[in-house]
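> Enclosed is the structure file model_36.cif (mmCIF, C-alpha atoms; chains and numbers go by the auth columns).
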```cif
data_my_file
#
loop_
_atom_site.group_PDB
_atom_site.id
_atom_site.type_symbol
_atom_site.label_atom_id
_atom_site.label_comp_id
_atom_site.label_asym_id
_atom_site.label_seq_id
_atom_site.Cartn_x
_atom_site.Cartn_y
_atom_site.Cartn_z
_atom_site.B_iso_or_equiv
_atom_site.auth_seq_id
_atom_site.auth_asym_id
ATOM 1 C CA MET A 1 0.000 0.000 0.000 0.00 113 V
ATOM 2 C CA GLN A 2 1.285 3.432 -0.879 0.00 114 V
ATOM 3 C CA ILE A 3 0.218 6.742 0.624 0.00 115 V
ATOM 4 C CA ARG A 4 0.466 9.700 -1.708 0.00 116 V
ATOM 5 C CA PRO A 5 0.024 13.343 -0.734 0.00 117 V
ATOM 6 C CA THR A 6 -2.958 15.135 -2.212 0.00 118 V
ATOM 7 C CA SER A 7 -1.151 18.466 -2.419 0.00 119 V
ATOM 8 C CA SER A 8 2.389 19.662 -2.321 0.00 120 V
ATOM 9 C CA ILE A 9 3.827 21.214 0.820 0.00 121 V
ATOM 10 C CA GLN A 10 4.581 24.871 0.387 0.00 122 V
ATOM 11 C CA SER A 11 7.336 26.782 2.088 0.00 123 V
ATOM 12 C CA THR A 12 6.611 28.764 5.219 0.00 124 V
ATOM 13 C CA GLN A 13 5.977 32.461 5.017 0.00 125 V
ATOM 14 C CA SER A 14 7.065 34.961 7.610 0.00 126 V
ATOM 15 C CA ILE A 15 4.386 36.851 9.488 0.00 127 V
ATOM 16 C CA ASN A 16 5.008 40.419 10.518 0.00 128 V
ATOM 17 C CA PHE A 17 3.406 41.177 13.897 0.00 129 V
ATOM 18 C CA GLN A 18 3.248 44.769 15.041 0.00 130 V
ATOM 19 C CA SER A 19 4.069 45.347 18.663 0.00 131 V
ATOM 20 C CA HIS A 20 1.678 47.226 20.942 0.00 132 V
ATOM 21 C CA ASN A 21 3.860 50.351 20.768 0.00 133 V
ATOM 22 C CA GLN A 22 3.976 50.274 16.979 0.00 134 V
ATOM 23 C CA VAL A 23 0.184 50.139 16.783 0.00 135 V
ATOM 24 C CA GLU A 24 -0.178 53.110 19.153 0.00 136 V
ATOM 25 C CA LYS A 25 2.391 55.109 17.190 0.00 137 V
ATOM 26 C CA ALA A 26 0.485 54.418 14.012 0.00 138 V
ATOM 27 C CA GLY A 27 -2.577 56.079 15.533 0.00 139 V
ATOM 28 C CA ASN A 28 -4.622 52.903 15.736 0.00 140 V
ATOM 29 C CA SER A 29 -6.160 52.150 19.089 0.00 141 V
ATOM 30 C CA LEU A 30 -6.507 48.638 20.395 0.00 142 V
ATOM 31 C CA PRO A 31 -9.986 47.411 21.290 0.00 143 V
ATOM 32 C CA THR A 32 -10.740 47.395 24.996 0.00 144 V
ATOM 33 C CA ASP A 33 -12.920 45.054 27.010 0.00 145 V
ATOM 34 C CA GLN A 34 -15.818 46.456 28.974 0.00 146 V
ATOM 35 C CA LEU A 35 -17.951 44.984 31.729 0.00 147 V
ATOM 36 C CA GLU A 36 -21.349 46.271 32.735 0.00 148 V
ATOM 37 C CA ILE A 37 -23.035 44.980 35.887 0.00 149 V
ATOM 38 C CA SER A 38 -26.817 45.121 35.891 0.00 150 V
ATOM 39 C CA PRO A 39 -28.712 46.691 38.792 0.00 151 V
ATOM 40 C CA GLN A 40 -30.073 43.235 39.672 0.00 152 V
ATOM 41 C CA ALA A 41 -26.533 41.835 39.906 0.00 153 V
ATOM 42 C CA ARG A 42 -25.461 44.750 42.086 0.00 154 V
ATOM 43 C CA MET A 43 -28.337 44.057 44.475 0.00 155 V
ATOM 44 C CA LEU A 44 -27.439 40.370 44.546 0.00 156 V
ATOM 45 C CA GLU A 45 -23.800 41.206 45.203 0.00 157 V
ATOM 46 C CA MET A 46 -24.781 43.414 48.126 0.00 158 V
ATOM 47 C CA SER A 47 -27.060 40.764 49.641 0.00 159 V
ATOM 48 C CA THR A 48 -24.693 37.801 49.319 0.00 160 V
ATOM 49 C CA SER A 49 -21.055 37.157 49.872 0.00 161 V
ATOM 50 C CA ASP A 50 -19.672 33.825 48.659 0.00 162 V
ATOM 51 C CA GLY A 51 -23.175 32.349 48.734 0.00 163 V
ATOM 52 C CA LEU A 52 -23.932 33.559 52.264 0.00 164 V
ATOM 53 C CA ARG A 53 -27.122 35.376 53.157 0.00 165 V
ATOM 54 C CA MET A 54 -25.671 38.345 54.974 0.00 166 V
ATOM 55 C CA ASP A 55 -29.016 39.258 56.570 0.00 167 V
ATOM 56 C CA ARG A 56 -29.175 35.794 58.155 0.00 168 V
ATOM 57 C CA VAL A 57 -25.537 36.043 59.299 0.00 169 V
ATOM 58 C CA SER A 58 -26.297 39.409 60.880 0.00 170 V
ATOM 59 C CA ASP A 59 -29.337 37.976 62.700 0.00 171 V
ATOM 60 C CA ILE A 60 -27.320 35.049 64.066 0.00 172 V
ATOM 61 C CA ARG A 61 -24.504 37.338 65.200 0.00 173 V
ATOM 62 C CA THR A 62 -27.035 39.471 67.076 0.00 174 V
ATOM 63 C CA GLN A 63 -28.568 36.392 68.709 0.00 175 V
ATOM 64 C CA ILE A 64 -25.115 35.156 69.787 0.00 176 V
ATOM 65 C CA ALA A 65 -24.225 38.575 71.223 0.00 177 V
ATOM 66 C CA GLN A 66 -27.493 38.641 73.186 0.00 178 V
ATOM 67 C CA GLY A 67 -27.047 35.062 74.402 0.00 179 V
ATOM 68 C CA ASN A 68 -30.214 33.843 72.646 0.00 180 V
ATOM 69 C CA TYR A 69 -28.676 31.645 69.968 0.00 181 V
ATOM 70 C CA ASP A 70 -27.786 28.503 71.909 0.00 182 V
ATOM 71 C CA THR A 71 -31.050 26.841 72.906 0.00 183 V
ATOM 72 C CA PRO A 72 -31.705 23.249 74.034 0.00 184 V
ATOM 73 C CA ASP A 73 -33.690 22.604 70.828 0.00 185 V
ATOM 74 C CA LYS A 74 -30.820 23.743 68.599 0.00 186 V
ATOM 75 C CA LEU A 75 -28.320 21.704 70.604 0.00 187 V
ATOM 76 C CA GLU A 76 -30.489 18.586 70.291 0.00 188 V
ATOM 77 C CA MET A 77 -30.856 19.155 66.546 0.00 189 V
ATOM 78 C CA ALA A 78 -27.081 19.577 66.122 0.00 190 V
ATOM 79 C CA ILE A 79 -26.347 16.413 68.104 0.00 191 V
ATOM 80 C CA GLY A 80 -28.921 14.495 66.028 0.00 192 V
ATOM 81 C CA ARG A 81 -27.328 15.649 62.769 0.00 193 V
ATOM 82 C CA MET A 82 -23.870 14.751 64.029 0.00 194 V
ATOM 83 C CA LEU A 83 -25.022 11.246 65.014 0.00 195 V
ATOM 84 C CA ASP A 84 -26.702 10.811 61.603 0.00 196 V
ATOM 85 C CA GLN A 85 -23.385 11.566 59.886 0.00 197 V
ATOM 86 C CA ILE A 86 -21.415 9.199 62.107 0.00 198 V
ATOM 87 C CA ALA A 87 -23.824 6.274 61.894 0.00 199 V
#
```
Just give me the structure as structure tokens.

Amino acid sequence: MQIRPTSSIQSTQSINFQSHNQVEKAGNSLPTDQLEISPQARMLEMSTSDGLRMDRVSDIRTQIAQGNYDTPDKLEMAIGRMLDQIA
């Protein structure tokens, strides 16, 4: 079996790249990227941080500071969850 090329290989050609400074000197400006954040995204950004609900975090911090956060019911629930994970 013989394999024959379908076309001939041509020689390489040099490519002339202009540097960033050469483009600016020539009066051409490079395109720039832009990012626009919608009002909805800004509201979401303000209300969450890494997936946390900051209003809930604030409420829990207040409860801890006032001594109201640790209750027997919450302790029992936490122990139950821990035992579920172990068993």
> If you measure from CA of Gln175 (chain V) to CA of Leu187 (chain V), what distance in Å do you get, rounded to one decimal?
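Between CA of Gln175 (chain V) and CA of Leu187 (chain V) the gap works out to 14.8 Å.
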> Kindly give the distance, in Å, that separates CA of Arg165 (chain V) and CA of Ser150 (chain V), rounded to a single decimal.
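Separating CA of Arg165 (chain V) from CA of Ser150 (chain V) is a distance of 19.8 Å.
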> Could you put an axis-aligned box around every listed atom of region 183-187 of chain V, padded by 8 Å on each side, and send me its centre and edge lengths in Å to one decimal, as JSON?

```
{"center_x": -31.0, "center_y": 24.3, "center_z": 71.3, "size_x": 21.4, "size_y": 21.1, "size_z": 21.4}
```
> Provide the CA of Arg154 (chain V) to CA of Val169 (chain V) distance in Å, to one decimal place.
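CA of Val169 (chain V) lies 19.3 Å from CA of Arg154 (chain V).
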